[in-house]
Amino acid sequence: MYNAGKIFPRVTMCDFTIRQMANFQDFTIECTLPINLFNEKMFIIIWFMLMLLTLWNTISLIAWIGSMFLLSRRNYVRKYLYISEKMRRSRMDMKHMRCFIDEYLRQDGVFTIRMLAKNTNDVVISEIVCKLWDHFILHHMGRREFHKNHPTDRANMDLEIETDHHKEDYVTSPTTPGNIFPA
């Protein structure tokens with residue numbers, strides 16, 4: 001009853017030598033390996049766990065791919081901009097929002113925001129999206145065009161613009177000390 005084809009044989013043939021009266025005799029007998037019963041059960045459990053994790057990861061991957069390509073990236077980011085009242089429903093805002101998502105954030109930026117949203121709450125994500133939106137408006141869309149369309153945000157944006165520039169970009173006026181003008 002030799003189980004040669006199994007990974008964990010329960011019964012095998014054992015060779016050993018016995019010394020009797022100054023001569024050695026070789027014996028081959030059938031041996032049982034009880035530890036292989038335990039090993040076989042453990043590896044079956046581990047195999048089923050790995051198959052379950054593989055199935056779970058595959059379903060998760062399909063869900064992420066579906067959320068990245070099938071669900072609208074614009075609706076996802078627009079939700080956070082509306083929550084924070086950074087956007088209105090005007091045509092110009094929609095144009096800026098499309099540019100913000102397609103050219104500034106792109107696919108990987110929205111993916112990063114989605115990953116952060118899975119691990120934090122909506123308030124944190126809203127703040128991050130708002131800061132990205134403000135940086136986009138200031139540095140990529142031009143502040144004059146933005147101020148024409150959003151007069152209420154002018155004070156906040158001007159404060160951020162002044163703090164963004166380095167001191168060496170400004171010179172003081174010789175006639176009125178203390179006033180600073182762009183160089």
# chains A, B, ... in the order shown; residues from 1 in each chain; ligands from 1
>>> select_by_dssp(residues="stretch 14-160 of chain A", states="strand (DSSP E)", output="list in words")
Cys14, Asp15, Phe16, Thr17, Ile18, Arg19, Gln20, Asn23, Phe24, Gln25, Asp26, Phe27, Thr28, Ile29, Glu30, Cys31 and Thr32 of chain A
>>> write_last_selection(atoms="N, CA and C atoms", output="JSON list (two decimals), in the first residue's frame")
[["chain", "number", "residue", "atom", "x", "y", "z"],
["A", 14, "CYS", "N", 9.89, 2.17, 4.57],
["A", 14, "CYS", "CA", 11.04, 2.66, 5.34],
["A", 14, "CYS", "C", 12.16, 1.61, 5.30],
["A", 15, "ASP", "N", 13.38, 2.05, 5.05],
["A", 15, "ASP", "CA", 14.55, 1.18, 5.07],
["A", 15, "ASP", "C", 15.35, 1.48, 6.34],
["A", 16, "PHE", "N", 15.75, 0.43, 7.03],
["A", 16, "PHE", "CA", 16.61, 0.64, 8.18],
["A", 16, "PHE", "C", 17.49, -0.60, 8.37],
["A", 17, "THR", "N", 18.54, -0.41, 9.13],
["A", 17, "THR", "CA", 19.53, -1.47, 9.35],
["A", 17, "THR", "C", 19.55, -1.82, 10.84],
["A", 18, "ILE", "N", 19.59, -3.14, 11.10],
["A", 18, "ILE", "CA", 19.67, -3.64, 12.48],
["A", 18, "ILE", "C", 20.95, -4.47, 12.60],
["A", 19, "ARG", "N", 21.66, -4.27, 13.68],
["A", 19, "ARG", "CA", 22.88, -5.04, 13.94],
["A", 19, "ARG", "C", 22.54, -6.16, 14.90],
["A", 20, "GLN", "N", 22.80, -7.36, 14.45],
["A", 20, "GLN", "CA", 22.58, -8.53, 15.30],
["A", 20, "GLN", "C", 23.84, -9.41, 15.29],
["A", 23, "ASN", "N", 26.73, -8.81, 12.74],
["A", 23, "ASN", "CA", 26.44, -8.61, 11.32],
["A", 23, "ASN", "C", 25.23, -7.66, 11.21],
["A", 24, "PHE", "N", 25.17, -6.98, 10.09],
["A", 24, "PHE", "CA", 24.13, -5.99, 9.84],
["A", 24, "PHE", "C", 23.07, -6.58, 8.92],
["A", 25, "GLN", "N", 21.82, -6.37, 9.26],
["A", 25, "GLN", "CA", 20.73, -6.84, 8.43],
["A", 25, "GLN", "C", 19.88, -5.64, 8.01],
["A", 26, "ASP", "N", 19.59, -5.54, 6.70],
["A", 26, "ASP", "CA", 18.75, -4.47, 6.16],
["A", 26, "ASP", "C", 17.30, -4.95, 6.09],
["A", 27, "PHE", "N", 16.39, -4.08, 6.56],
["A", 27, "PHE", "CA", 14.97, -4.39, 6.53],
["A", 27, "PHE", "C", 14.23, -3.26, 5.80],
["A", 28, "THR", "N", 13.20, -3.62, 5.08],
["A", 28, "THR", "CA", 12.29, -2.67, 4.46],
["A", 28, "THR", "C", 10.90, -3.01, 4.96],
["A", 29, "ILE", "N", 10.28, -2.01, 5.60],
["A", 29, "ILE", "CA", 8.94, -2.26, 6.15],
["A", 29, "ILE", "C", 8.03, -1.09, 5.77],
["A", 30, "GLU", "N", 6.75, -1.32, 5.98],
["A", 30, "GLU", "CA", 5.76, -0.27, 5.71],
["A", 30, "GLU", "C", 5.63, 0.62, 6.95],
["A", 31, "CYS", "N", 5.75, 1.98, 6.73],
["A", 31, "CYS", "CA", 5.69, 2.94, 7.84],
["A", 31, "CYS", "C", 4.49, 3.86, 7.65],
["A", 32, "THR", "N", 3.91, 4.30, 8.74],
["A", 32, "THR", "CA", 2.86, 5.32, 8.68],
["A", 32, "THR", "C", 3.46, 6.66, 9.07]]
>>> atom_distance(atom1="atom CA of A:Met97", atom2="atom CA of A:Leu61")
28.0 Å
>>> closest_residue(among="A:Val77, A:Met92, A:Ile65, A:Leu52", to="A:Ala117", atoms="only C-alpha atoms")
A:Val77
>>> select_by_dssp(residues="stretch 7-158 of chain A", states="alpha helix (DSSP H)", output="ChimeraX atom specification")
/A:34-69,73-83,91-99,106-119,122-136,143-149,154-158
>>> closest_residue(among="A:Glu103, A:Asp134, A:Glu40, A:Asp93", to="A:Arg78", atoms="only C-alpha atoms")
A:Asp93
>>> closest_residue(among="A:Leu33, A:Ile7, A:Asn119, A:Arg114", to="A:Trp64", atoms="only C-alpha atoms")
A:Arg114
>>> closest_residue(among="A:Ser72, A:Ser67, A:Asn57, A:Thr12", to="A:Asp102", atoms="only C-alpha atoms")
A:Ser72
>>> closest_residue(among="A:Leu132, A:Leu116, A:Ile35, A:Ile83", to="A:Ile101", atoms="only C-alpha atoms")
A:Leu132
>>> residues_around(residues="A:Phe136", least_positions_apart="5", cutoff="9 Å", atoms="only C-alpha atoms", output="list in words")
Phe100, Tyr104, Lys131, Met141 and Gly142 of chain A
>>> atom_distance(atom1="atom CA of A:Leu81", atom2="atom CA of A:Glu127")
9.2 Å
>>> atom_distance(atom1="atom CA of A:Asn36", atom2="atom CA of A:Arg10")
6.1 Å
